[in-house]
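S.K.: Got a structure for you, written out below as structure tokens; questions coming shortly.
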Amino acid sequence: MRFIFKTSYDRDIDLAKHGGHRFWYSLLLALLVAAPWIVDEYWLSQFSFILIYGIVGLGLMLLAGFTGLFSLGHAAFLGVGAYTEAVLAAKGWPFPLSMACAMGLSASVGVVVGLPALRVKGIYLGIATLAFGFIVEEVLARWDGVTGGNAGMTVKGVDVFGWKLASSEAFYWLCLALALLATLAVLNVLRSPTGRAFVAIRDSEISAQSMGIHLARYKSLSFAISAALAGLGGALYAHKISFLSPDQFNIVQSIDLLLLVVIGGLGSVHGAFLGAIFLIAMPQLIALGKDFLPASIGQAAGLQAVVYGTVLIAFVLFEPMGLYGRWLKIRTWLQLVPFYRKGLFKRQKSFQKSDRVR
Amino acid sequence: MQFVQIIISGMAQGCIYGLIALGFVLIYKATETVTFAQGDLMMVGAFIGLACMTFMGFPYWLAVLTSIAGMALLGFATERLVIRPILGEPAFSIVMLTVGIGYVGRGLITMIPSIGTETHALPVPYKDIAFTFWGLLLAAEQIVIIGTTALLCTLLFVLFRYTRIGVAMQAASQNQIAAYYMGIPVKKLNSLVWALASMVAAVAGLLLAPITFVHANMGLIGLKAFPAAVVGGFGSLPGAIVGGLVIGVVESLSGFYLPEGFKDIAAYVVVLIMLMVRPNGLFGERLRKKV
């Protein structure tokens, strides 16, 4: 067991709570930086995808996991970011500028979408964002002067003021650096008054409001930050996939992103990356498992959907805190080993709460 | 004349949206959960009907009854096995759960060899028949859809107004705890509501099948039923049908008078405007949370 001896109030909000955190996260960072020398080209590309989805997942986690606002149209922000980046890169803008534009445009779109969030909540907000996602997809498909329409458009390589990041190692490091920055930014937001306000809104809007939190401002802010991160992820995604078409940003992508945050664990920063690992690794695992199944099952087209659906159902039923929740349980068990009690993480069954009871 | 013609075809499409929305609203009213699996339930219903007619050689009416009964069982079982254990959890968990159910349903249908991956036409007896009234050309499919929807609404009205079980469902949907204290078996009713919603979905699927085709992704039309439910007010049964009609008519009008592309997003534009102007919908009750 570990006892943390705090000698100042600042230690309450330290990013690394104790030496163990510092050691393990430094080791993880070192391994990630060294990854191009350890793994081969294919896995490096998968790592880049994990980092990109991790960034987008962080944005959605901030919105859904920490502010309690659910977006069923998050792929739209991803799409806005990706297309902005692609168009500006084609005009020869350097990457840092075009990336900032992609983030800015996504964020402003996020604020616009957040406007209905000020009046509606719960499922209505979900439907508003769903509707918005469909509209953006249609705009991307129809505005073919800029986006190339359904025929799609190719994306040029990354160009940082004339310094071209052509190799996949360089692109991986770019993703890693941006993912690290995004994670630090989100962690810092979360331990600041702004982040505390987000969590307060999630837990109870009415009590947050009575504590003097300006709901409209903080909800819009949450949408803006979340959309900006999605835009950043979109910009990287555009370069990574190097060919964009509107159907990459449809409802299925939005649901995949929600799947990411739910399976990773709602309300945890780790969850965004764990979910991203799941989302990228799952098709690979299914492909591996296919060889062991009889051909009539293994080669069927719907196998992936069945596996995704089953995993999702299983997580919601048995592990609502997601992969990170499972890790928390394992860690607590390791820390308390002879004294671990089974009921430590037992959920309280509440009677169904109704908004309609007057 | 052309205008009326467009309105009628929009109404037929709108009835389908309305029927799917009716399923959402039934489940939402009874259990306060929003289901994303309704469209996929509809798809499964259409496939059961198809399987009965083409592979087992049932006559049309028997296939319809089998499909409705099968879906009722399926809905009942789904609620019992998957939904009931997590009642009382945050609403979002349940939404994701229904998304998962939808995925599994769609995947399983696709996995059926040589049936699931193809599109099929449902051989209904009223195919390719059309009538002409005062210069209006009415396809039999449209008449059947509108007529069946009207009939189904009457049946549901009678169920909720005059039968014991319907009144109990209303009570449970207004206040679950109070209904429970009054001796109403709330949990059993929830299962029945899911069965009822699945039956409505089966009807919608069988009505839609002759217009489009039967295929594994036909459930995606369920996403257009959400706007219908919101326009009508998410807790109102007549609202769902009216909302569906509004969405259907707006869609077919914009398909005719506006440039290409507007037809697909008309429903979503309508719902965004509705949410900004009147978030509670046309028939919705005013919700105000008490502390």
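We name chains A, B, ... following the order of the structure tokens; residues begin at 1 in each chain, and ligands are numbered from 1 as shown.
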For A:Lys329, please output as an NGL selection string all residues within 12 Å (counting only C-alpha atoms; exclusion window: fewer than 6 positions along the same chain).

M.R.: :A and (319 or 321-323 or 335-337 or 340-346)

S.K.: List every residue of stretch 16-199 of chain B that DSSP, applied to the backbone, labels as strand (DSSP E), and write the result as a PyMOL selection string.

M.R.: chain B and resi 130-133+136-139

S.K.: Counting only C-alpha atoms, which residues of chain B come no farther than 7 Å from chain A, as a list of chain:residue names?

M.R.: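 Every residue meeting the condition is included here: B:Ile86, B:Leu87, B:Gly88, B:Ser93, B:Leu97, B:Gly100, B:Ile101, B:Tyr103, B:Val104, B:Gly107, B:Leu108, B:Thr110, B:Met111, B:Asn175, B:Phe226, B:Ile265, B:Tyr268, B:Leu272, B:Leu275, B:Met276, B:Pro279, B:Leu287, B:Lys289.
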
S.K.: Quote the spacing between atom CA of A:Arg11 and atom CA of A:Arg191 in Å to one decimal place.

M.R.: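 One can read the atom CA of A:Arg11 to atom CA of A:Arg191 distance as 11.7 Å.
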
S.K.: Restricting the calculation to only C-alpha atoms, which member of B:Met169, B:Val203, B:Thr33, B:Leu152 is positioned closest to B:Thr66?

M.R.: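 With only C-alpha atoms as the atom set, the closest residue is B:Val203.
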
S.K.: May I have the residues within 12 Å of B:Phe133 as a PyMOL selection string, using only C-alpha atoms and disregarding those fewer than 6 positions away in the same chain?

M.R.: chain B and resi 1+4-5+139

S.K.: Would you pick out the contacts of A:Leu88 at 9 Å or less, using only C-alpha atoms, so that residues sharing its chain but fewer than 3 positions from it are not included, and give the list as a PyMOL selection string?

M.R.: chain A and resi 83-85+91-95+97-99+101-102

S.K.: May I ask for the distance between atom CA of A:Ser192 and atom CA of A:Leu27, given in Å to one decimal place?

M.R.: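 Between atom CA of A:Ser192 and atom CA of A:Leu27 the gap works out to 26.7 Å.
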
S.K.: Between A:Leu63, A:Cys175, A:Ala166, A:Ala238, which is the closest to A:Val87 once you count only C-alpha atoms?

M.R.: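 Residue with the minimum atom-to-atom distance to A:Val87: A:Ala238.
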
S.K.: When you draw a straight line from atom CA of B:Thr78 to atom CA of B:Ser191, how long is it in Å?

M.R.: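 Distance between the two atoms: 8.3 Å.
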
S.K.: Name all residues at most 12 Å from B:Leu137 (count only C-alpha atoms; drop same-chain ones fewer than 4 positions away) and give them as number ranges by chain.

M.R.: B: 1-2, 4-6, 8-9, 129-133, 141-143
